[in-house]
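Undergrad: Pasting in a structure now, in structure tokens, and then I'll have a few things to ask.
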Amino acid sequence: PTTPPAAPAAAPAAAPAAAVRAAGLVKVYGDERTGVRALDGVDVEFEAGRFTAIMGPSGSGKSTLLHCVAGLDTPTSGRIWLGDTEIGSLGDEALTRLRRERVGFVFQSFNLLPTLTAKQNVLLPLDLAGRAPDPQWFQYVVSTLGLTDRLSHRPAELSGGQQQRVAIARALVSRPTLVVADEPTGNLDSRSGAEVLSLLRASVRELGQTVVMVTHDPVAASYADRVLLLADGRIHGRIESPTPQAVAAAIAGAETRRAG
């Protein structure tokens with residue numbers, strides 16, 4: 001199909017301005033006084049229907065921020081809202097359900113089950129939630145990702161790029177509020193990596209998804225609508241409509257300031 005299927009009738013008429021927002025986010029590993037302060041008072045909004053990359057030097061708090069806003073890690077203090085839901089107020093069972101239904105995950109390691117076919121891997125989150133897939137949406141996602149003729153293959157029969165496509169389809173199939181991608185091209189060659197980044201870009205432009213990606217690669221970051229620059233657990237800058245050159249220069253500047 002050339003156009004995505006209509007959203008379910010129960011969906012709101014308009015997406016919220018922010019798919020996710022955080023206020024005063026602090027994350028300390030270890031003792032509050034002497035431990036590692038991975039996040040140091042972060043205020044951030046990730047707009048619905050946009051692709052945001054998070055970059056910064058090693059140890060700047062990139063993955064910690066991603067994991068906190070996705071509900072995978074608990075901040076030491078501060079508040080996080082996924083849509084209109086404050087996730088800090090949820091118990092373990094409700095938080096697990098929220099992650100399963102409203103957050104899609106794409107990681108560096110593809111995390112596919114080797115005994116399942118590509119189709120079974122894609123549908124696994126819905127199976128775990130006891131939900132039936134929307135057939136029209138499923139077909140649209142797998143055709144957009146170029147997986148139609150790969151659905152009966154097991155992961156060992158797929159290339160790395162194809163496996164990551166399956167992982168992206170799995171992240172999209174439940175129509176999540178947010179897709180988080182942690183170094184999604186880290187295990188791929190440059191060609192497969194470019195394909196995966198183009199597919200994440202397409203999921204924003206054509207499927208209306210909200211994607212937040214951590215990467216260390218300025219070229220990967222240039223696929224995003226904007227880049228957030230982190231250093232020492234704080235946001236130190238933003239780049240709109242990034243180019244690889246602008247991102248590389250900003251990261252080099254951050255490293256220089258840190259060294260100084």
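Simple scheme: letters A, B, ... for chains in structure tokens order, numbers from 1 for residues in each chain, numbers from 1 for ligands in the order shown.
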For the interface of stretch 144-176 of chain A with stretch 122-127 of chain A (cut-off 10 Å, counting only C-alpha atoms), please tabulate each contacting residue of stretch 144-176 of chain A alongside its nearest pair of atoms and their separation in Å to one decimal, rows sorted by chain and increasing number, as a tab-separated table.
TA:
```
residue	atom	partner	partner_atom	distance
A:Leu151	CA	A:Val122	CA	8.9
A:Arg165	CA	A:Val122	CA	9.7
A:Val166	CA	A:Val122	CA	6.2
A:Ala167	CA	A:Val122	CA	6.9
A:Ile168	CA	A:Val122	CA	8.4
A:Ala169	CA	A:Val122	CA	5.9
A:Arg170	CA	A:Val122	CA	4.0
A:Ala171	CA	A:Val122	CA	7.8
A:Leu172	CA	A:Val122	CA	8.7
A:Val173	CA	A:Val122	CA	7.1
A:Ser174	CA	A:Leu126	CA	6.8
```
Undergrad: Under the rule of at most 8 Å, produce a per-residue listing of stretch 140-257 of chain A near stretch 101-118 of chain A: chain, number, name, the closest pair of atoms, and the distance in Å, as JSON lines, using only C-alpha atoms.
TA:
```
{"residue": "A:Arg150", "atom": "CA", "partner": "A:Ala118", "partner_atom": "CA", "distance": 6.8}
{"residue": "A:Leu151", "atom": "CA", "partner": "A:Ala118", "partner_atom": "CA", "distance": 4.7}
{"residue": "A:Ser152", "atom": "CA", "partner": "A:Thr117", "partner_atom": "CA", "distance": 5.3}
{"residue": "A:His153", "atom": "CA", "partner": "A:Thr117", "partner_atom": "CA", "distance": 5.2}
{"residue": "A:Arg154", "atom": "CA", "partner": "A:Thr117", "partner_atom": "CA", "distance": 4.3}
{"residue": "A:Pro155", "atom": "CA", "partner": "A:Pro114", "partner_atom": "CA", "distance": 5.6}
{"residue": "A:Ala156", "atom": "CA", "partner": "A:Pro114", "partner_atom": "CA", "distance": 6.9}
{"residue": "A:Gln163", "atom": "CA", "partner": "A:Phe110", "partner_atom": "CA", "distance": 6.5}
{"residue": "A:Gln164", "atom": "CA", "partner": "A:Phe110", "partner_atom": "CA", "distance": 5.8}
{"residue": "A:Val166", "atom": "CA", "partner": "A:Ala118", "partner_atom": "CA", "distance": 6.3}
{"residue": "A:Ala167", "atom": "CA", "partner": "A:Phe110", "partner_atom": "CA", "distance": 6.1}
{"residue": "A:Ile168", "atom": "CA", "partner": "A:Val106", "partner_atom": "CA", "distance": 6.1}
{"residue": "A:Arg170", "atom": "CA", "partner": "A:Gly104", "partner_atom": "CA", "distance": 7.5}
{"residue": "A:Ala171", "atom": "CA", "partner": "A:Gly104", "partner_atom": "CA", "distance": 4.0}
{"residue": "A:Leu172", "atom": "CA", "partner": "A:Gly104", "partner_atom": "CA", "distance": 6.2}
{"residue": "A:Ser174", "atom": "CA", "partner": "A:Glu101", "partner_atom": "CA", "distance": 6.5}
{"residue": "A:Arg175", "atom": "CA", "partner": "A:Arg102", "partner_atom": "CA", "distance": 7.3}
{"residue": "A:Pro176", "atom": "CA", "partner": "A:Arg102", "partner_atom": "CA", "distance": 4.2}
{"residue": "A:Thr177", "atom": "CA", "partner": "A:Arg102", "partner_atom": "CA", "distance": 5.0}
{"residue": "A:Leu178", "atom": "CA", "partner": "A:Val103", "partner_atom": "CA", "distance": 4.9}
{"residue": "A:Val179", "atom": "CA", "partner": "A:Gly104", "partner_atom": "CA", "distance": 4.5}
{"residue": "A:Val180", "atom": "CA", "partner": "A:Phe105", "partner_atom": "CA", "distance": 5.2}
{"residue": "A:Ala181", "atom": "CA", "partner": "A:Val106", "partner_atom": "CA", "distance": 4.5}
{"residue": "A:Asp182", "atom": "CA", "partner": "A:Phe107", "partner_atom": "CA", "distance": 5.0}
{"residue": "A:Glu183", "atom": "CA", "partner": "A:Gln108", "partner_atom": "CA", "distance": 5.2}
{"residue": "A:Pro184", "atom": "CA", "partner": "A:Gln108", "partner_atom": "CA", "distance": 4.5}
{"residue": "A:Thr185", "atom": "CA", "partner": "A:Gln108", "partner_atom": "CA", "distance": 6.3}
{"residue": "A:Gly186", "atom": "CA", "partner": "A:Gln108", "partner_atom": "CA", "distance": 5.4}
{"residue": "A:Asn187", "atom": "CA", "partner": "A:Gln108", "partner_atom": "CA", "distance": 6.1}
```
Undergrad: Any chance you can output those residues with C-alpha atoms as a compact mmCIF listing (two decimals), in the first residue's frame?
TA:
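Output file part04.txt follows:
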```txt
# COMPACT_ATOMS: atom_id res chain seq x y z
CA ARG A 150 11.19 -12.89 4.51
CA LEU A 151 8.42 -13.60 7.02
CA SER A 152 8.88 -17.39 7.01
CA HIS A 153 12.67 -17.17 7.54
CA ARG A 154 14.31 -17.71 10.91
CA PRO A 155 16.96 -15.21 12.13
CA ALA A 156 19.87 -17.48 11.10
CA GLN A 163 17.37 -9.05 11.30
CA GLN A 164 17.38 -5.42 12.38
CA VAL A 166 12.55 -7.53 11.82
CA ALA A 167 13.42 -5.86 15.13
CA ILE A 168 12.11 -2.51 13.82
CA ARG A 170 8.48 -5.75 16.03
CA ALA A 171 8.92 -2.30 17.61
CA LEU A 172 6.29 -0.74 15.30
CA SER A 174 1.81 -2.33 18.31
CA ARG A 175 1.64 1.33 17.14
CA PRO A 176 3.66 2.53 20.14
CA THR A 177 3.70 6.07 21.48
CA LEU A 178 7.51 5.95 21.40
CA VAL A 179 10.23 3.94 19.64
CA VAL A 180 13.63 3.96 21.37
CA ALA A 181 16.73 2.81 19.50
CA ASP A 182 20.02 2.28 21.36
CA GLU A 183 22.94 2.21 18.87
CA PRO A 184 20.73 0.37 16.32
CA THR A 185 23.47 0.27 13.66
CA GLY A 186 26.29 -0.74 15.99
CA ASN A 187 26.45 -4.33 14.71
```
Undergrad: Between atom CA of A:Leu66 and atom CA of A:Asp92, what is the distance, to one decimal in Å?
TA: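 Atom CA of A:Leu66 sits 18.8 Å away from atom CA of A:Asp92.
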Undergrad: Of the candidates A:Glu86, A:Leu145, A:Arg100, A:Leu95, which shows the shortest atom-to-atom distance to A:Arg131, using only C-alpha atoms?
TA: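 Selected residue with least distance to A:Arg131: A:Arg100.
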Undergrad: Looking only at helix (DSSP H, G or I) from DSSP on the backbone, list the matching residues of stretch 124-219 of chain A as a PyMOL selection string.
TA: chain A and resi 124-129+135-144+148-150+155-157+160-172+190-205+218-219
Undergrad: Kindly give the distance, in Å, that separates atom CA of A:Arg79 and atom CA of A:Ala224, rounded to a single decimal.
TA: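 Straight-line distance from atom CA of A:Arg79 to atom CA of A:Ala224 works out to 25.3 Å.
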Undergrad: How would you write, as a VMD selection string, the set of residues in stretch 18-213 of chain A that DSSP gives as strand (DSSP E or B)?
TA: chain A and resid 18 to 29 36 to 47 51 to 55 77 to 82 85 to 86 103 to 107 178 to 182 211 to 213
Undergrad: List as a list in words the protein and nucleic acid residues near A:Thr210, meaning an atom at most 8 Å away when only C-alpha atoms are counted, but skip any in the same chain fewer than 3 places from it.
TA: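 Everything that qualifies: Ala19, Phe46, Glu47, Ala48, Gly49, Arg50, Phe51, Thr177, Leu178, Val179 and Val204 of chain A.
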Undergrad: Nearest to A:Asp73: which of A:Ala94, A:Ala248, A:Ala53, A:Val28 is it, counting only C-alpha atoms?
TA: A:Val28
Undergrad: For A:Thr76, which of A:Gly56, A:Val42, A:Gly161, A:Leu197 is the closest residue, counting only C-alpha atoms?
TA: A:Val42
Undergrad: Counting only C-alpha atoms, which of A:Val69, A:Leu230, A:Leu199, A:Leu188 gets nearest to A:Trp81?
TA: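 Of all the options, A:Val69 lies closest to A:Trp81.
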Undergrad: Point out the residue among A:Pro57, A:Arg99, A:Arg234, A:Gly160 with the least atom-to-atom distance to A:Thr85, counting only C-alpha atoms.
TA: A:Arg99
Undergrad: Stretch 35-41 of chain A: which residues within 9 Å, counting only C-alpha atoms, same-chain residues fewer than 3 positions away excluded, as a ChimeraX atom specification?
TA: /A:23-32,59-62,64-65,75,77-78,232-234
Undergrad: Keeping all heavy atoms for every residue in the selection just given, could you write it to a file as a short mmCIF file (atom, residue, chain, number, x, y, z; two decimals), in the first residue's frame?
TA:
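That gives us again.cif:
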```cif
data_model
loop_
_atom_site.label_atom_id
_atom_site.label_comp_id
_atom_site.auth_asym_id
_atom_site.auth_seq_id
_atom_site.Cartn_x
_atom_site.Cartn_y
_atom_site.Cartn_z
N ALA A 23 11.26 16.05 33.60
CA ALA A 23 11.54 17.26 34.35
C ALA A 23 12.43 16.92 35.54
O ALA A 23 12.13 16.01 36.32
CB ALA A 23 10.24 17.90 34.84
N GLY A 24 13.55 17.63 35.65
CA GLY A 24 14.43 17.48 36.79
C GLY A 24 15.01 16.09 36.95
O GLY A 24 15.19 15.62 38.08
N LEU A 25 15.33 15.45 35.84
CA LEU A 25 15.74 14.04 35.89
C LEU A 25 17.16 13.91 36.44
O LEU A 25 18.11 14.48 35.89
CB LEU A 25 15.68 13.46 34.48
CG LEU A 25 15.20 12.01 34.34
CD1 LEU A 25 13.84 11.83 34.98
CD2 LEU A 25 15.16 11.63 32.87
N VAL A 26 17.28 13.15 37.54
CA VAL A 26 18.57 12.85 38.16
C VAL A 26 18.70 11.34 38.28
O VAL A 26 17.75 10.66 38.68
CB VAL A 26 18.70 13.50 39.55
CG1 VAL A 26 19.97 13.03 40.26
CG2 VAL A 26 18.68 15.02 39.44
N LYS A 27 19.85 10.81 37.91
CA LYS A 27 20.13 9.39 38.09
C LYS A 27 21.52 9.24 38.67
O LYS A 27 22.50 9.68 38.05
CB LYS A 27 20.02 8.62 36.77
CG LYS A 27 20.33 7.13 36.89
CD LYS A 27 19.33 6.40 37.77
CE LYS A 27 19.63 4.91 37.86
NZ LYS A 27 18.64 4.18 38.68
N VAL A 28 21.59 8.66 39.86
CA VAL A 28 22.86 8.43 40.53
C VAL A 28 23.04 6.93 40.69
O VAL A 28 22.15 6.24 41.21
CB VAL A 28 22.92 9.13 41.91
CG1 VAL A 28 24.25 8.84 42.59
CG2 VAL A 28 22.69 10.63 41.76
N TYR A 29 24.16 6.41 40.24
CA TYR A 29 24.51 5.00 40.46
C TYR A 29 25.43 4.92 41.66
O TYR A 29 26.50 5.52 41.68
CB TYR A 29 25.20 4.41 39.22
CG TYR A 29 24.28 4.28 38.03
CD1 TYR A 29 24.36 5.19 36.97
CD2 TYR A 29 23.31 3.27 37.96
CE1 TYR A 29 23.51 5.09 35.87
CE2 TYR A 29 22.46 3.17 36.87
CZ TYR A 29 22.57 4.07 35.84
OH TYR A 29 21.72 3.96 34.76
N GLY A 30 24.99 4.19 42.67
CA GLY A 30 25.77 4.10 43.91
C GLY A 30 25.24 5.09 44.93
O GLY A 30 24.09 5.53 44.89
N ASP A 31 26.09 5.45 45.88
CA ASP A 31 25.72 6.35 46.96
C ASP A 31 25.40 7.74 46.43
O ASP A 31 26.08 8.26 45.55
CB ASP A 31 26.88 6.43 47.98
CG ASP A 31 26.57 7.35 49.14
OD1 ASP A 31 25.81 6.93 50.03
OD2 ASP A 31 27.07 8.48 49.13
N GLU A 32 24.36 8.35 46.98
CA GLU A 32 23.91 9.67 46.51
C GLU A 32 25.03 10.70 46.55
O GLU A 32 25.14 11.56 45.68
CB GLU A 32 22.73 10.13 47.39
CG GLU A 32 22.20 11.52 47.07
CD GLU A 32 21.36 11.57 45.80
OE1 GLU A 32 20.58 10.63 45.55
OE2 GLU A 32 21.50 12.55 45.07
N GLY A 59 30.06 8.08 28.52
CA GLY A 59 29.78 8.39 29.92
C GLY A 59 28.99 9.65 30.13
O GLY A 59 28.84 10.12 31.27
N SER A 60 28.43 10.23 29.05
CA SER A 60 27.70 11.50 29.19
C SER A 60 26.27 11.32 29.69
O SER A 60 25.62 12.30 30.04
CB SER A 60 27.69 12.24 27.86
OG SER A 60 27.06 11.46 26.85
N GLY A 61 25.78 10.08 29.69
CA GLY A 61 24.42 9.83 30.18
C GLY A 61 23.42 9.53 29.09
O GLY A 61 22.21 9.46 29.35
N LYS A 62 23.89 9.29 27.85
CA LYS A 62 22.99 9.08 26.71
C LYS A 62 22.06 7.89 26.93
O LYS A 62 20.83 8.02 26.86
CB LYS A 62 23.79 8.83 25.42
CG LYS A 62 24.78 9.89 25.04
CD LYS A 62 25.45 9.60 23.72
CE LYS A 62 26.30 8.34 23.70
NZ LYS A 62 27.49 8.42 24.57
N THR A 64 21.52 6.17 29.63
CA THR A 64 20.75 6.30 30.87
C THR A 64 19.49 7.12 30.63
O THR A 64 18.39 6.75 31.08
CB THR A 64 21.60 6.96 31.97
OG1 THR A 64 22.76 6.15 32.21
CG2 THR A 64 20.81 7.10 33.26
N LEU A 65 19.61 8.23 29.90
CA LEU A 65 18.44 9.05 29.59
C LEU A 65 17.44 8.25 28.76
O LEU A 65 16.23 8.26 29.05
CB LEU A 65 18.87 10.31 28.83
CG LEU A 65 17.74 11.22 28.34
CD1 LEU A 65 16.87 11.71 29.49
CD2 LEU A 65 18.32 12.42 27.57
N PRO A 75 14.69 6.71 37.55
CA PRO A 75 15.53 7.82 37.97
C PRO A 75 15.60 7.93 39.49
O PRO A 75 14.68 7.50 40.21
CB PRO A 75 14.85 9.04 37.36
CG PRO A 75 13.42 8.64 37.19
CD PRO A 75 13.44 7.17 36.91
N SER A 77 15.62 10.83 41.01
CA SER A 77 14.58 11.84 41.25
C SER A 77 14.19 12.46 39.92
O SER A 77 14.86 12.26 38.90
CB SER A 77 15.07 12.92 42.23
OG SER A 77 16.20 13.59 41.70
N GLY A 78 13.08 13.19 39.94
CA GLY A 78 12.56 13.77 38.71
C GLY A 78 11.32 13.02 38.25
O GLY A 78 10.93 11.99 38.82
N ASP A 232 28.34 15.21 30.68
CA ASP A 232 28.31 15.16 32.15
C ASP A 232 26.89 15.16 32.71
O ASP A 232 26.60 15.81 33.71
CB ASP A 232 29.10 16.34 32.74
CG ASP A 232 30.55 16.32 32.29
OD1 ASP A 232 31.15 15.23 32.27
OD2 ASP A 232 31.08 17.40 31.94
N GLY A 233 26.00 14.42 32.02
CA GLY A 233 24.65 14.24 32.54
C GLY A 233 23.72 15.41 32.33
O GLY A 233 22.63 15.45 32.90
N ARG A 234 24.13 16.38 31.53
CA ARG A 234 23.29 17.55 31.26
C ARG A 234 23.19 17.79 29.76
O ARG A 234 24.09 17.44 29.00
CB ARG A 234 23.88 18.80 31.93
CG ARG A 234 23.95 18.73 33.43
CD ARG A 234 24.54 19.99 33.99
NE ARG A 234 24.62 19.95 35.45
CZ ARG A 234 25.13 20.91 36.21
NH1 ARG A 234 25.60 22.02 35.63
NH2 ARG A 234 25.16 20.79 37.52
#
```
Undergrad: Report as a CSV table (one decimal) with all heavy atoms, in the first residue's frame all protein, DNA and RNA residues lying within 10 Å of A:Ser198, evaluated on only C-alpha atoms, omitting residues in the same chain fewer than 4 positions from it.
TA:
```
chain,number,residue,atom,x,y,z
A,145,LEU,N,9.0,-2.0,5.4
A,145,LEU,CA,10.4,-2.4,5.8
A,145,LEU,C,11.0,-3.5,4.9
A,145,LEU,O,12.1,-4.0,5.1
A,145,LEU,CB,10.3,-3.0,7.2
A,145,LEU,CG,9.9,-2.0,8.3
A,145,LEU,CD1,9.8,-2.6,9.6
A,145,LEU,CD2,10.9,-0.8,8.3
A,192,SER,N,24.2,-1.7,5.4
A,192,SER,CA,23.0,-2.2,6.2
A,192,SER,C,22.6,-1.1,7.2
A,192,SER,O,21.4,-0.9,7.4
A,192,SER,CB,23.3,-3.5,6.9
A,192,SER,OG,23.5,-4.5,6.0
A,193,GLY,N,23.6,-0.4,7.8
A,193,GLY,CA,23.3,0.6,8.8
A,193,GLY,C,22.5,1.8,8.1
A,193,GLY,O,21.5,2.3,8.7
A,194,ALA,N,22.9,2.1,6.9
A,194,ALA,CA,22.2,3.2,6.2
A,194,ALA,C,20.8,2.8,5.9
A,194,ALA,O,19.8,3.6,6.0
A,194,ALA,CB,22.9,3.6,4.9
A,202,ALA,N,11.8,6.6,7.7
A,202,ALA,CA,10.5,6.4,7.1
A,202,ALA,C,9.4,6.2,8.1
A,202,ALA,O,8.3,6.6,7.9
A,202,ALA,CB,10.6,5.2,6.1
A,203,SER,N,9.8,5.5,9.2
A,203,SER,CA,8.7,5.2,10.2
A,203,SER,C,8.2,6.5,10.8
A,203,SER,O,7.1,6.6,11.3
A,203,SER,CB,9.3,4.3,11.3
A,203,SER,OG,10.1,5.0,12.2
A,204,VAL,N,9.1,7.6,10.8
A,204,VAL,CA,8.6,8.9,11.3
A,204,VAL,C,7.8,9.6,10.2
A,204,VAL,O,6.7,10.1,10.5
A,204,VAL,CB,9.9,9.7,11.7
A,204,VAL,CG1,9.4,11.1,12.1
A,204,VAL,CG2,10.6,9.1,12.9
A,220,ALA,N,24.9,8.8,11.4
A,220,ALA,CA,23.6,8.2,11.8
A,220,ALA,C,22.8,9.3,12.4
A,220,ALA,O,21.6,9.4,12.1
A,220,ALA,CB,23.9,7.1,12.9
A,223,TYR,N,20.4,11.6,10.2
A,223,TYR,CA,19.1,11.1,9.7
A,223,TYR,C,18.0,11.7,10.6
A,223,TYR,O,16.8,11.6,10.2
A,223,TYR,CB,19.0,9.6,9.7
A,223,TYR,CG,19.8,8.9,8.6
A,223,TYR,CD1,21.1,8.8,8.6
A,223,TYR,CD2,19.0,8.4,7.5
A,223,TYR,CE1,21.8,8.1,7.6
A,223,TYR,CE2,19.7,7.7,6.5
A,223,TYR,CZ,21.1,7.6,6.5
A,223,TYR,OH,21.7,7.0,5.5
A,224,ALA,N,18.3,12.2,11.8
A,224,ALA,CA,17.3,12.7,12.7
A,224,ALA,C,16.8,14.1,12.3
A,224,ALA,O,17.5,14.8,11.6
A,224,ALA,CB,17.8,12.7,14.1
```
